[in-house]
$ cat model-v4.tsv   # TSV, C-alpha atoms and all ligand atoms
chain	number	residue	atom	x	y	z
A	1	PRO	CA	125.20	14.22	175.43
A	2	ARG	CA	122.88	17.12	174.78
A	3	ASN	CA	119.80	15.11	173.90
A	4	ARG	CA	119.50	11.84	175.73
A	5	PRO	CA	116.68	9.49	174.81
A	6	PHE	CA	113.63	10.12	176.99
A	7	GLU	CA	109.92	9.52	177.37
A	8	TYR	CA	107.40	12.20	178.21
A	9	GLU	CA	103.73	11.81	179.03
A	10	PRO	CA	101.84	14.84	180.35
A	11	SER	CA	100.03	14.43	183.65
A	12	PRO	CA	96.21	14.42	183.44
A	13	VAL	CA	95.69	16.90	186.30
A	14	ARG	CA	93.82	20.13	185.58
A	15	VAL	CA	95.50	23.04	187.37
A	16	VAL	CA	93.85	26.36	188.17
A	17	PHE	CA	96.23	28.97	189.61
A	18	GLY	CA	95.67	32.49	190.91
A	19	PRO	CA	94.72	34.65	193.88
A	20	GLY	CA	91.06	34.29	194.82
A	21	ARG	CA	90.45	31.27	192.62
A	22	ARG	CA	89.24	29.10	195.53
A	23	ALA	CA	85.90	30.72	194.70
A	24	GLU	CA	85.78	28.65	191.50
A	25	VAL	CA	85.62	25.32	193.31
A	26	GLY	CA	81.88	24.96	192.60
A	27	GLU	CA	82.40	25.29	188.84
A	28	GLU	CA	85.25	22.82	189.01
A	29	ALA	CA	82.96	20.33	190.76
A	30	ASP	CA	80.40	20.87	187.99
A	31	ARG	CA	83.02	20.22	185.32
A	32	LEU	CA	83.57	16.81	186.92
A	33	GLY	CA	79.82	16.27	187.24
A	34	LEU	CA	79.95	16.13	191.04
A	35	ALA	CA	76.64	17.06	192.61
A	36	LYS	CA	77.50	15.90	196.16
A	37	VAL	CA	80.94	16.28	197.71
A	38	MET	CA	82.64	15.90	201.07
A	39	LEU	CA	84.88	18.82	202.05
A	40	ILE	CA	87.98	17.69	203.95
A	41	ALA	CA	89.28	20.91	205.45
A	42	ASP	CA	92.09	21.03	207.97
A	43	GLY	CA	90.60	23.07	210.81
A	44	ASN	CA	93.77	25.23	211.10
A	45	THR	CA	93.76	26.44	207.53
A	46	PRO	CA	92.00	29.57	206.39
A	47	GLY	CA	89.37	29.53	203.64
A	48	GLY	CA	87.05	26.79	204.95
A	49	ARG	CA	84.04	29.08	205.00
A	50	PRO	CA	84.46	30.62	201.52
A	51	VAL	CA	85.17	27.22	199.98
A	52	ALA	CA	82.07	25.77	201.67
A	53	ASP	CA	80.04	28.76	200.42
A	54	ALA	CA	81.40	28.35	196.90
A	55	LEU	CA	80.38	24.69	196.95
A	56	GLY	CA	76.84	25.67	197.99
A	57	ASP	CA	74.33	22.82	197.64
A	58	ARG	CA	77.02	20.51	196.36
A	59	LEU	CA	78.45	20.32	199.89
A	60	ALA	CA	76.97	17.18	201.46
A	61	THR	CA	79.26	16.92	204.49
A	62	ARG	CA	82.42	18.35	206.08
A	63	TRP	CA	85.32	16.56	207.70
A	64	ASP	CA	87.90	18.57	209.63
A	65	GLU	CA	90.03	15.98	211.43
A	66	VAL	CA	93.31	15.35	209.60
A	67	ALA	CA	96.71	14.03	210.72
A	68	GLN	CA	100.16	13.63	209.22
A	69	HIS	CA	101.02	10.24	207.74
A	70	VAL	CA	97.27	9.36	207.60
A	71	PRO	CA	96.50	6.90	210.42
A	72	VAL	CA	94.54	4.00	208.88
A	73	GLU	CA	91.86	4.27	211.53
A	74	LEU	CA	91.24	7.93	210.60
A	75	ALA	CA	90.98	7.06	206.92
A	76	GLU	CA	88.43	4.36	207.73
A	77	ARG	CA	86.24	6.71	209.74
A	78	ALA	CA	86.37	9.43	207.10
A	79	GLY	CA	85.65	6.86	204.39
A	80	GLU	CA	82.61	5.62	206.32
A	81	ARG	CA	81.26	9.17	206.48
A	82	ALA	CA	81.78	9.64	202.74
A	83	ALA	CA	79.94	6.38	202.05
A	84	ALA	CA	77.10	7.15	204.47
A	85	GLU	CA	76.52	10.51	202.78
A	86	GLY	CA	76.73	8.98	199.31
A	87	VAL	CA	79.19	11.60	198.06
A	88	GLU	CA	80.44	11.58	194.49
A	89	GLY	CA	83.70	13.35	195.11
A	90	LEU	CA	86.11	14.84	197.68
A	91	VAL	CA	87.31	18.42	197.98
A	92	THR	CA	90.38	19.02	200.14
A	93	LEU	CA	91.55	22.25	201.69
A	94	GLY	CA	94.82	22.07	203.57
A	95	GLY	CA	98.34	20.69	203.36
A	96	GLY	CA	99.58	17.22	202.52
A	97	SER	CA	97.66	15.75	205.47
A	98	ALA	CA	94.25	16.81	204.10
A	99	THR	CA	95.22	15.67	200.60
A	100	GLY	CA	96.58	12.42	202.00
A	101	LEU	CA	93.34	11.63	203.82
A	102	ALA	CA	91.34	12.12	200.61
A	103	LYS	CA	93.81	9.90	198.77
A	104	ALA	CA	93.34	7.13	201.33
A	105	ILE	CA	89.56	7.28	200.75
A	106	ALA	CA	89.98	7.45	196.97
A	107	LEU	CA	92.22	4.38	197.03
A	108	ASP	CA	89.26	2.28	198.19
A	109	THR	CA	86.42	4.10	196.50
A	110	GLY	CA	87.85	5.71	193.35
A	111	LEU	CA	86.15	8.99	194.35
A	112	PRO	CA	87.59	11.92	192.34
A	113	ILE	CA	89.48	14.60	194.28
A	114	ILE	CA	89.61	18.37	193.86
A	115	ALA	CA	92.56	19.60	195.92
A	116	ILE	CA	93.05	23.13	197.22
A	117	PRO	CA	96.55	22.97	198.74
A	118	THR	CA	97.64	25.43	201.42
A	119	THR	CA	101.26	24.31	201.88
A	120	TYR	CA	104.07	23.45	199.46
A	121	ALA	CA	103.93	19.66	199.99
A	122	GLY	CA	103.04	18.83	196.38
A	123	SER	CA	101.00	15.72	197.19
A	124	GLU	CA	98.13	17.13	195.12
A	125	LEU	CA	100.00	16.34	191.91
A	126	THR	CA	101.18	12.84	192.62
A	127	PRO	CA	99.65	9.35	192.44
A	128	VAL	CA	101.50	8.53	195.69
A	129	PHE	CA	99.61	7.66	198.87
A	130	GLY	CA	100.79	6.89	202.38
A	131	MET	CA	99.09	5.46	205.45
A	132	THR	CA	100.32	4.55	208.89
A	133	SER	CA	99.39	1.83	211.33
A	134	THR	CA	101.32	0.62	214.37
A	135	HIS	CA	104.30	2.89	213.67
A	136	ARG	CA	104.81	1.67	210.10
A	137	LYS	CA	104.10	3.79	207.09
A	138	ARG	CA	102.89	2.06	203.95
A	139	THR	CA	103.29	4.03	200.74
A	140	GLY	CA	102.23	3.12	197.24
A	141	VAL	CA	101.40	4.46	193.83
A	142	ASP	CA	97.93	4.30	192.32
A	143	GLU	CA	96.47	6.59	189.67
A	144	ARG	CA	93.10	6.50	191.45
A	145	VAL	CA	94.45	8.73	194.21
A	146	ARG	CA	95.84	11.45	191.95
A	147	PRO	CA	93.55	14.50	192.24
A	148	ARG	CA	91.69	15.43	189.03
A	149	VAL	CA	91.77	19.16	189.68
A	150	VAL	CA	94.14	21.31	191.74
A	151	ILE	CA	93.22	24.88	192.64
A	152	TYR	CA	96.20	26.93	193.80
A	153	ASP	CA	95.10	30.12	195.52
A	154	PRO	CA	98.19	31.88	196.92
A	155	GLU	CA	95.98	34.06	199.16
A	156	LEU	CA	95.44	30.95	201.29
A	157	THR	CA	99.16	30.76	202.02
A	158	VAL	CA	99.71	34.38	203.05
A	159	GLY	CA	99.20	33.53	206.73
A	160	LEU	CA	101.27	30.37	206.70
A	161	PRO	CA	103.53	30.74	209.78
A	162	PRO	CA	107.32	30.83	209.20
A	163	GLU	CA	107.77	27.54	211.05
A	164	ILE	CA	105.58	25.84	208.40
A	165	THR	CA	106.66	27.93	205.37
A	166	GLY	CA	110.39	27.10	205.56
A	167	PRO	CA	110.18	23.33	206.05
A	168	SER	CA	107.38	23.04	203.50
A	169	ALA	CA	109.48	24.93	200.95
A	170	PHE	CA	112.30	22.46	201.68
A	171	ASN	CA	109.87	19.62	201.05
A	172	ALA	CA	109.35	21.14	197.59
A	173	LEU	CA	113.14	21.40	197.15
A	174	ALA	CA	113.45	17.70	198.00
A	175	HIS	CA	111.03	16.97	195.15
A	176	CYS	CA	113.15	19.04	192.78
A	177	LEU	CA	116.35	17.20	193.67
A	178	ALA	CA	114.62	13.82	193.40
A	179	ALA	CA	113.46	14.79	189.90
A	180	LEU	CA	116.86	16.13	188.85
A	181	TRP	CA	118.72	12.95	189.74
A	182	ALA	CA	115.99	10.47	188.77
A	183	PRO	CA	117.33	7.85	186.34
A	184	HIS	CA	114.22	8.10	184.16
A	185	GLY	CA	113.97	11.89	184.27
A	186	ASP	CA	113.29	13.85	181.12
A	187	PRO	CA	114.53	17.29	180.02
A	188	LEU	CA	111.20	19.04	180.51
A	189	THR	CA	110.83	17.78	184.07
A	190	SER	CA	114.45	18.73	184.86
A	191	ALA	CA	113.77	22.24	183.58
A	192	LEU	CA	110.71	22.55	185.85
A	193	ALA	CA	112.67	21.26	188.84
A	194	ALA	CA	115.62	23.60	188.29
A	195	ASP	CA	113.31	26.58	187.87
A	196	ALA	CA	111.53	25.66	191.08
A	197	VAL	CA	114.89	25.66	192.92
A	198	ARG	CA	115.61	29.11	191.48
A	199	ILE	CA	112.26	30.45	192.72
A	200	VAL	CA	112.41	28.85	196.19
A	201	THR	CA	115.93	30.08	196.85
A	202	SER	CA	114.89	33.64	196.04
A	203	SER	CA	111.38	33.69	197.60
A	204	LEU	CA	112.27	32.08	200.91
A	205	PRO	CA	114.66	34.86	202.03
A	206	GLU	CA	112.12	37.45	200.82
A	207	LEU	CA	109.38	35.82	202.88
A	208	ALA	CA	111.62	35.74	205.96
A	209	ILE	CA	111.45	39.56	205.82
A	210	THR	CA	107.85	40.03	204.64
A	211	PRO	CA	105.93	36.79	205.25
A	212	THR	CA	102.66	38.19	203.93
A	213	ASP	CA	103.97	39.41	200.56
A	214	LEU	CA	101.43	38.00	198.08
A	215	ASP	CA	103.87	38.14	195.17
A	216	ALA	CA	106.51	36.10	196.97
A	217	ARG	CA	103.80	33.74	198.27
A	218	SER	CA	102.51	33.35	194.74
A	219	GLY	CA	106.05	32.60	193.54
A	220	LEU	CA	106.59	29.99	196.20
A	221	GLN	CA	103.30	28.28	195.46
A	222	TYR	CA	104.12	28.29	191.75
A	223	ALA	CA	107.47	26.67	192.63
A	224	ALA	CA	105.59	24.07	194.69
A	225	PHE	CA	103.42	23.39	191.65
A	226	LEU	CA	106.52	22.87	189.50
A	227	ALA	CA	108.17	20.71	192.17
A	228	GLY	CA	105.03	18.62	192.67
A	229	THR	CA	104.70	18.16	188.91
A	230	ALA	CA	108.32	17.03	188.76
A	231	LEU	CA	107.79	14.64	191.67
A	232	GLY	CA	104.60	13.26	190.14
A	233	ARG	CA	106.55	12.45	186.98
A	234	THR	CA	109.70	10.93	188.42
A	235	GLY	CA	108.92	9.45	191.84
A	236	THR	CA	111.07	9.19	194.93
A	237	GLY	CA	114.03	7.30	196.37
A	238	LEU	CA	116.38	7.29	199.33
A	239	GLN	CA	115.61	10.83	200.58
A	240	HIS	CA	111.89	10.12	200.78
A	241	ARG	CA	112.32	6.61	202.16
A	242	ILE	CA	114.40	7.97	205.05
A	243	CYS	CA	111.72	10.57	205.80
A	244	HIS	CA	108.88	8.07	205.54
A	245	HIS	CA	110.54	5.56	207.83
A	246	LEU	CA	111.45	8.22	210.40
A	247	GLY	CA	107.99	9.76	210.05
A	248	GLY	CA	106.15	6.46	210.37
A	249	LYS	CA	108.24	5.23	213.29
A	250	LEU	CA	108.45	8.39	215.38
A	251	ASN	CA	105.59	10.46	213.96
A	252	LEU	CA	108.12	13.16	213.03
A	253	PRO	CA	106.78	16.12	211.08
A	254	HIS	CA	107.18	15.33	207.38
A	255	ALA	CA	108.38	18.66	205.96
A	256	GLU	CA	110.80	19.35	208.83
A	257	THR	CA	112.35	15.91	208.42
A	258	HIS	CA	112.88	16.54	204.70
A	259	ALA	CA	114.55	19.85	205.48
A	260	VAL	CA	116.99	18.25	207.94
A	261	ILE	CA	117.86	15.25	205.75
A	262	LEU	CA	118.02	16.87	202.31
A	263	PRO	CA	121.46	18.56	202.51
A	264	HIS	CA	123.04	15.27	203.65
A	265	VAL	CA	121.53	13.20	200.84
A	266	VAL	CA	122.54	15.91	198.36
A	267	ALA	CA	126.12	15.68	199.69
A	268	LEU	CA	126.05	11.94	199.08
A	269	ASN	CA	124.74	12.32	195.54
A	270	SER	CA	126.42	15.44	194.19
A	271	PRO	CA	129.73	13.77	193.22
A	272	ALA	CA	127.69	11.56	190.87
A	273	GLY	CA	125.65	14.42	189.38
A	274	PRO	CA	127.88	16.97	187.69
A	275	ASP	CA	125.00	18.00	185.35
A	276	TRP	CA	122.51	19.00	188.00
A	277	VAL	CA	125.19	20.36	190.33
A	278	ALA	CA	126.28	22.75	187.57
A	279	ARG	CA	122.66	23.60	186.78
A	280	LEU	CA	121.93	24.55	190.40
A	281	GLU	CA	125.17	26.45	190.97
A	282	PRO	CA	123.65	29.88	190.21
A	283	PHE	CA	121.13	29.37	193.04
A	284	LEU	CA	122.96	27.19	195.55
A	285	GLY	CA	126.64	27.83	194.88
A	286	PRO	CA	129.25	25.26	193.82
A	287	ASP	CA	128.41	22.89	196.70
A	288	PRO	CA	124.61	22.42	196.58
A	289	ALA	CA	124.55	20.47	199.85
A	290	LEU	CA	126.21	23.28	201.74
A	291	GLY	CA	124.07	25.81	199.84
A	292	LEU	CA	120.92	24.06	201.08
A	293	TRP	CA	122.21	23.72	204.63
A	294	ASN	CA	123.08	27.44	204.72
A	295	LEU	CA	119.69	28.36	203.24
A	296	ALA	CA	117.97	26.29	205.92
A	297	ARG	CA	119.92	27.96	208.72
A	298	ARG	CA	119.48	31.44	207.26
A	299	SER	CA	115.74	30.76	207.01
A	300	GLY	CA	115.53	29.77	210.68
A	301	LEU	CA	114.98	26.04	210.08
A	302	SER	CA	116.27	23.36	212.38
A	303	THR	CA	119.09	21.31	210.84
A	304	SER	CA	119.24	18.82	213.69
A	305	LEU	CA	117.50	15.47	213.64
A	306	SER	CA	117.86	15.03	217.39
A	307	ARG	CA	116.00	18.28	217.91
A	308	LEU	CA	113.11	16.69	216.01
A	309	GLY	CA	113.19	13.80	218.48
A	310	ALA	CA	115.24	11.04	216.81
A	311	THR	CA	117.92	9.09	218.64
A	312	GLU	CA	121.01	7.09	217.63
A	313	GLU	CA	119.03	3.90	217.94
A	314	ASP	CA	116.29	5.22	215.60
A	315	VAL	CA	118.92	6.22	213.09
A	316	ARG	CA	120.53	2.77	213.16
A	317	GLU	CA	117.19	1.04	212.65
A	318	VAL	CA	116.07	3.32	209.82
A	319	ALA	CA	119.47	3.03	208.10
A	320	GLY	CA	118.97	-0.74	207.99
A	321	GLN	CA	115.46	-0.35	206.57
A	322	VAL	CA	116.35	2.04	203.76
A	323	ALA	CA	119.70	0.57	202.65
A	324	GLY	CA	119.58	-0.28	198.97
A	325	SER	CA	116.80	2.26	198.19
A	326	ALA	CA	116.71	3.82	194.74
A	327	ASN	CA	119.44	6.46	194.65
A	328	PRO	CA	121.99	7.63	192.08
A	329	VAL	CA	124.73	6.36	194.39
A	330	PRO	CA	124.00	2.85	195.72
A	331	VAL	CA	123.97	2.96	199.52
A	332	GLU	CA	124.63	0.52	202.29
A	333	ALA	CA	123.26	0.78	205.81
A	334	ALA	CA	126.57	2.04	207.23
A	335	GLN	CA	126.65	4.98	204.80
A	336	VAL	CA	123.08	5.97	205.60
A	337	GLU	CA	123.81	5.67	209.30
A	338	ALA	CA	126.88	7.90	208.97
A	339	LEU	CA	124.85	10.47	207.03
A	340	LEU	CA	122.02	10.44	209.56
A	341	ARG	CA	124.45	10.70	212.46
A	342	ARG	CA	125.78	13.95	211.03
A	343	SER	CA	122.23	15.27	210.98
A	344	LEU	CA	121.66	14.04	214.55
A	345	ASP	CA	124.72	15.96	215.68
A	346	ASP	CA	123.78	19.04	213.64
A	347	LEU	CA	126.99	18.87	211.60
A	348	PRO	CA	127.14	20.36	208.11
A	349	PRO	CA	126.79	17.93	205.19
A	350	SER	CA	129.98	16.34	203.95
B	1	LIG	P1	100.21	19.33	207.01
B	1	LIG	O1	99.19	19.18	205.99
B	1	LIG	O2	100.15	18.40	208.18
B	1	LIG	O3	100.20	20.84	207.53
B	1	LIG	C1	101.16	21.24	208.50
B	1	LIG	C2	100.52	22.23	209.46
B	1	LIG	O4	100.24	23.42	208.75
B	1	LIG	C3	99.18	21.77	210.03
B	1	LIG	O5	99.15	22.10	211.39
B	1	LIG	C4	98.17	22.58	209.25
B	1	LIG	O6	97.01	22.79	209.99
B	1	LIG	C5	98.92	23.86	209.01
B	1	LIG	N1	98.52	24.63	207.84
B	1	LIG	C6	98.39	24.16	206.58
B	1	LIG	N2	98.10	25.16	205.74
B	1	LIG	C7	98.03	26.28	206.48
B	1	LIG	C8	97.79	27.66	206.17
B	1	LIG	N3	97.59	28.05	204.92
B	1	LIG	N4	97.82	28.55	207.17
B	1	LIG	C9	98.08	28.15	208.43
B	1	LIG	N5	98.33	26.87	208.80
B	1	LIG	C10	98.31	25.96	207.82
B	1	LIG	O7	101.71	19.22	206.45
B	1	LIG	P2	102.30	19.08	204.99
B	1	LIG	O8	103.76	19.19	205.18
B	1	LIG	O9	101.63	19.97	204.03
B	1	LIG	O10	101.95	17.59	204.60
B	1	LIG	C11	102.56	16.51	205.23
B	1	LIG	C12	101.86	15.21	204.90
B	1	LIG	O11	101.73	15.08	203.49
B	1	LIG	C13	102.65	14.01	205.37
B	1	LIG	O12	101.77	13.02	205.83
B	1	LIG	C14	103.36	13.57	204.10
B	1	LIG	O13	103.72	12.21	204.12
B	1	LIG	C15	102.35	13.88	203.05
B	1	LIG	N6	102.92	14.12	201.70
B	1	LIG	C16	102.58	13.27	200.71
B	1	LIG	C17	103.06	13.45	199.42
B	1	LIG	C18	102.64	12.53	198.32
B	1	LIG	O14	102.98	12.71	197.17
B	1	LIG	N7	101.86	11.53	198.62
B	1	LIG	C19	103.91	14.54	199.13
B	1	LIG	C20	104.24	15.41	200.19
B	1	LIG	C21	103.72	15.20	201.47

$ encode --input "model-v4.tsv" --output "structure tokens"
Amino acid sequence: PRNRPFEYEPSPVRVVFGPGRRAEVGEEADRLGLAKVMLIADGNTPGGRPVADALGDRLATRWDEVAQHVPVELAERAGERAAAEGVEGLVTLGGGSATGLAKAIALDTGLPIIAIPTTYAGSELTPVFGMTSTHRKRTGVDERVRPRVVIYDPELTVGLPPEITGPSAFNALAHCLAALWAPHGDPLTSALAADAVRIVTSSLPELAITPTDLDARSGLQYAAFLAGTALGRTGTGLQHRICHHLGGKLNLPHAETHAVILPHVVALNSPAGPDWVARLEPFLGPDPALGLWNLARRSGLSTSLSRLGATEEDVREVAGQVAGSANPVPVEAAQVEALLRRSLDDLPPS
């Protein structure tokens, strides 16, 4: 039917988008009434200095140690610093790892977060947190961790190396697909997700030729904003559970894992999703799984899970852990294992 029943509730996040707008972080802190903040800035990302300058006297302390999947011990140390300095809020500059560390602190303290993302991970728009201890990743949903303000400054992404750009863009695509097939999706969110797929599929090949093109970078970050919004509204399922279990167990890089797994999960789900398959056809062709796999290969991404470091035994274990996860097509362990084996062997999705 054209108009299915749905529910829609706008997200409370304030979003500021545009080149150079990292300089407005001080005013954004003032809007939230934050006189003392901790800046969590991934040491590899550009912009630490200007953001610190823009915060001026509001900057009480800096923290530059971040790690994927947020080790609990790291979150505890960073949280102790925030408490010792008596900060009223957290400002993050970096990818999902910097945002994730702030979320782990906010989960305990309720400290408000201003996020300045420098990848396309989308964590800045979600109430989802994740932490890892002893090779197990715990994820959860809590509104306290959702940043209050997000400042997207595409200038910060101009120097993002190709080996981070491609996988991170695929992480955004994974959010789009999750939103498109979510059982409680709504038409507005589906429209955002489909438009994000359109933009990613056109910007990624452009950026492969001219990685520093600010227009294409701006487009890709806008797509990440749409994808993150969609994810924040609909949540995750099988695709994300596979990546979290593999990531938590083997410390695999998050975005790269998404990129490898996504075409295979799309192949599993596309027979059950004629609506979204048709909607994505202009950007991915009639077989979206193959379209994604080809896009990944054309963009120089790895499509092999064994190249990331996983083995047959890992795949078997993870398949058992994620069987029965939320997914448009109910899945048993054997199906997940078969799907993951194809990715281990670098075979196209089927
Ligand atoms: P990341 O934050 O670890 O960054 C990847 C690498 O890129 C790092 O080495 C970083 O230093 C570098 N980098 C980041 N921005 C850069 C820039 N502008 N220029 C140069 N180098 C730059 O990786 P990520 O993929 O952004 O985030 C992954 C983490 O985020 C994982 O832990 C994942 O679980 C989490 N995540 C959470 C959610 C959520 O909703 N909770 C969503 C997506 C990802």

$ closest_residue --input "model-v4.tsv" --among "A:Met131, A:Val16, A:Ala83, A:Ala179" --to "ligand LIG 1 (chain B)" --atoms "all atoms listed in the file"
A:Met131

$ closest_residue --input "model-v4.tsv" --among "A:Glu313, A:Val37, A:Thr118, A:Arg298" --to "Ala84 of chain A" --atoms "only C-alpha atoms"
A:Val37

$ axis_aligned_box --input "model-v4.tsv" --around "ligand LIG 1 (chain B)" --padding-each-side "4 Å" --output "AutoDock Vina command-line options"
--center_x 100.6 --center_y 20.0 --center_z 204.3 --size_x 15.2 --size_y 25.0 --size_z 22.2

$ residues_around --input "model-v4.tsv" --residues "Phe6 of chain A" --least-positions-apart "4" --cutoff "9 Å" --atoms "all atoms listed in the file" --output "PyMOL selection string"
chain A and resi 184-187

$ residues_around --input "model-v4.tsv" --residues "Thr311 of chain A" --least-positions-apart "5" --cutoff "10 Å" --atoms "only C-alpha atoms" --output "VMD selection string"
chain A and resid 305 to 306 316 341 344

$ residues_around --input "model-v4.tsv" --residues "segment 223-236 of chain A" --least-positions-apart "5" --cutoff "6 Å" --atoms "all atoms listed in the file" --output "list of chain:residue names"
A:Tyr120, A:Gly122, A:Leu125, A:Thr126, A:Ala172, A:His175, A:Cys176, A:Ala179, A:Thr189, A:Leu192, A:Ala193, A:Ala196

$ write_last_selection --input "model-v4.tsv" --atoms "C-alpha atoms" --output "tab-separated table (two decimals), in the frame of the given file"
chain	number	residue	atom	x	y	z
A	120	TYR	CA	104.07	23.45	199.46
A	122	GLY	CA	103.04	18.83	196.38
A	125	LEU	CA	100.00	16.34	191.91
A	126	THR	CA	101.18	12.84	192.62
A	172	ALA	CA	109.35	21.14	197.59
A	175	HIS	CA	111.03	16.97	195.15
A	176	CYS	CA	113.15	19.04	192.78
A	179	ALA	CA	113.46	14.79	189.90
A	189	THR	CA	110.83	17.78	184.07
A	192	LEU	CA	110.71	22.55	185.85
A	193	ALA	CA	112.67	21.26	188.84
A	196	ALA	CA	111.53	25.66	191.08

$ closest_atom_pairs --input "model-v4.tsv" --of "chain A" --to "ligand LIG 1 (chain B)" --cutoff "8 Å" --atoms "all atoms listed in the file" --output "tab-separated table"
residue	atom	partner	partner_atom	distance
A:Asp42	CA	B:LIG1	O6	5.6
A:Gly43	CA	B:LIG1	O6	6.5
A:Asn44	CA	B:LIG1	O6	4.2
A:Thr45	CA	B:LIG1	C7	4.4
A:Pro46	CA	B:LIG1	N4	6.0
A:Val66	CA	B:LIG1	O2	7.6
A:Ala67	CA	B:LIG1	O2	6.1
A:Gln68	CA	B:LIG1	O12	3.8
A:His69	CA	B:LIG1	O12	3.5
A:Val70	CA	B:LIG1	O12	6.1
A:Gly94	CA	B:LIG1	N2	5.0
A:Gly95	CA	B:LIG1	O1	3.1
A:Gly96	CA	B:LIG1	O10	3.2
A:Ser97	CA	B:LIG1	O1	3.8
A:Ala98	CA	B:LIG1	O1	5.8
A:Thr99	CA	B:LIG1	O11	7.1
A:Gly100	CA	B:LIG1	O11	6.0
A:Pro117	CA	B:LIG1	N2	7.5
A:Thr118	CA	B:LIG1	N2	4.4
A:Thr119	CA	B:LIG1	O9	4.9
A:Tyr120	CA	B:LIG1	O9	6.2
A:Ala121	CA	B:LIG1	C20	4.3
A:Gly122	CA	B:LIG1	C19	5.2
A:Ser123	CA	B:LIG1	O14	3.6
A:Glu124	CA	B:LIG1	O14	6.9
A:Leu125	CA	B:LIG1	O14	7.1
A:Thr126	CA	B:LIG1	O14	4.9
A:Pro127	CA	B:LIG1	O14	6.7
A:Val128	CA	B:LIG1	N7	4.2
A:Phe129	CA	B:LIG1	N7	4.5
A:Gly130	CA	B:LIG1	N7	6.1
A:Thr139	CA	B:LIG1	N7	7.9
A:Leu156	CA	B:LIG1	N3	5.1
A:Thr157	CA	B:LIG1	N3	4.3
A:Val158	CA	B:LIG1	N3	6.9
A:Gly159	CA	B:LIG1	N4	5.2
A:Leu160	CA	B:LIG1	N4	3.9
A:Pro161	CA	B:LIG1	C9	6.2
A:Ile164	CA	B:LIG1	O4	5.9
A:Pro167	CA	B:LIG1	O8	7.7
A:Ser168	CA	B:LIG1	O8	5.5
A:Asn171	CA	B:LIG1	C20	7.1
A:Gly228	CA	B:LIG1	O14	7.7
A:Leu231	CA	B:LIG1	O14	7.6
A:Gly232	CA	B:LIG1	O14	7.2
A:His244	CA	B:LIG1	O13	6.8
A:Gly247	CA	B:LIG1	O13	7.7
A:Pro253	CA	B:LIG1	C11	7.2
A:His254	CA	B:LIG1	C13	5.1
A:Ala255	CA	B:LIG1	O8	4.7
A:Glu256	CA	B:LIG1	O8	7.9

$ atom_distance --input "model-v4.tsv" --atom1 "atom CA of Val315 of chain A" --atom2 "atom CA of Pro348 of chain A"
17.1 Å

$ closest_residue --input "model-v4.tsv" --among "A:Ile105, A:Val197, A:Leu39, A:Leu34" --to "Ala169 of chain A" --atoms "all atoms listed in the file"
A:Val197

$ closest_residue --input "model-v4.tsv" --among "A:Glu143, A:Asp64, A:Asp108, A:Glu281" --to "Glu76 of chain A" --atoms "only C-alpha atoms"
A:Asp108

$ closest_residue --input "model-v4.tsv" --among "A:Ser190, A:Gln239, A:Thr134, A:Thr61" --to "Ile261 of chain A" --atoms "all atoms listed in the file"
A:Gln239

$ residues_near_point --input "model-v4.tsv" --point "(92.6, 13.0, 198.9)" --cutoff "7 Å" --atoms "only C-alpha atoms" --output "ChimeraX atom specification"
/A:90,92,98-106,113,145,147

$ residues_around --input "model-v4.tsv" --residues "Phe17 of chain A" --least-positions-apart "3" --cutoff "9 Å" --atoms "only C-alpha atoms" --output "PyMOL selection string"
chain A and resi 21+150-154+222
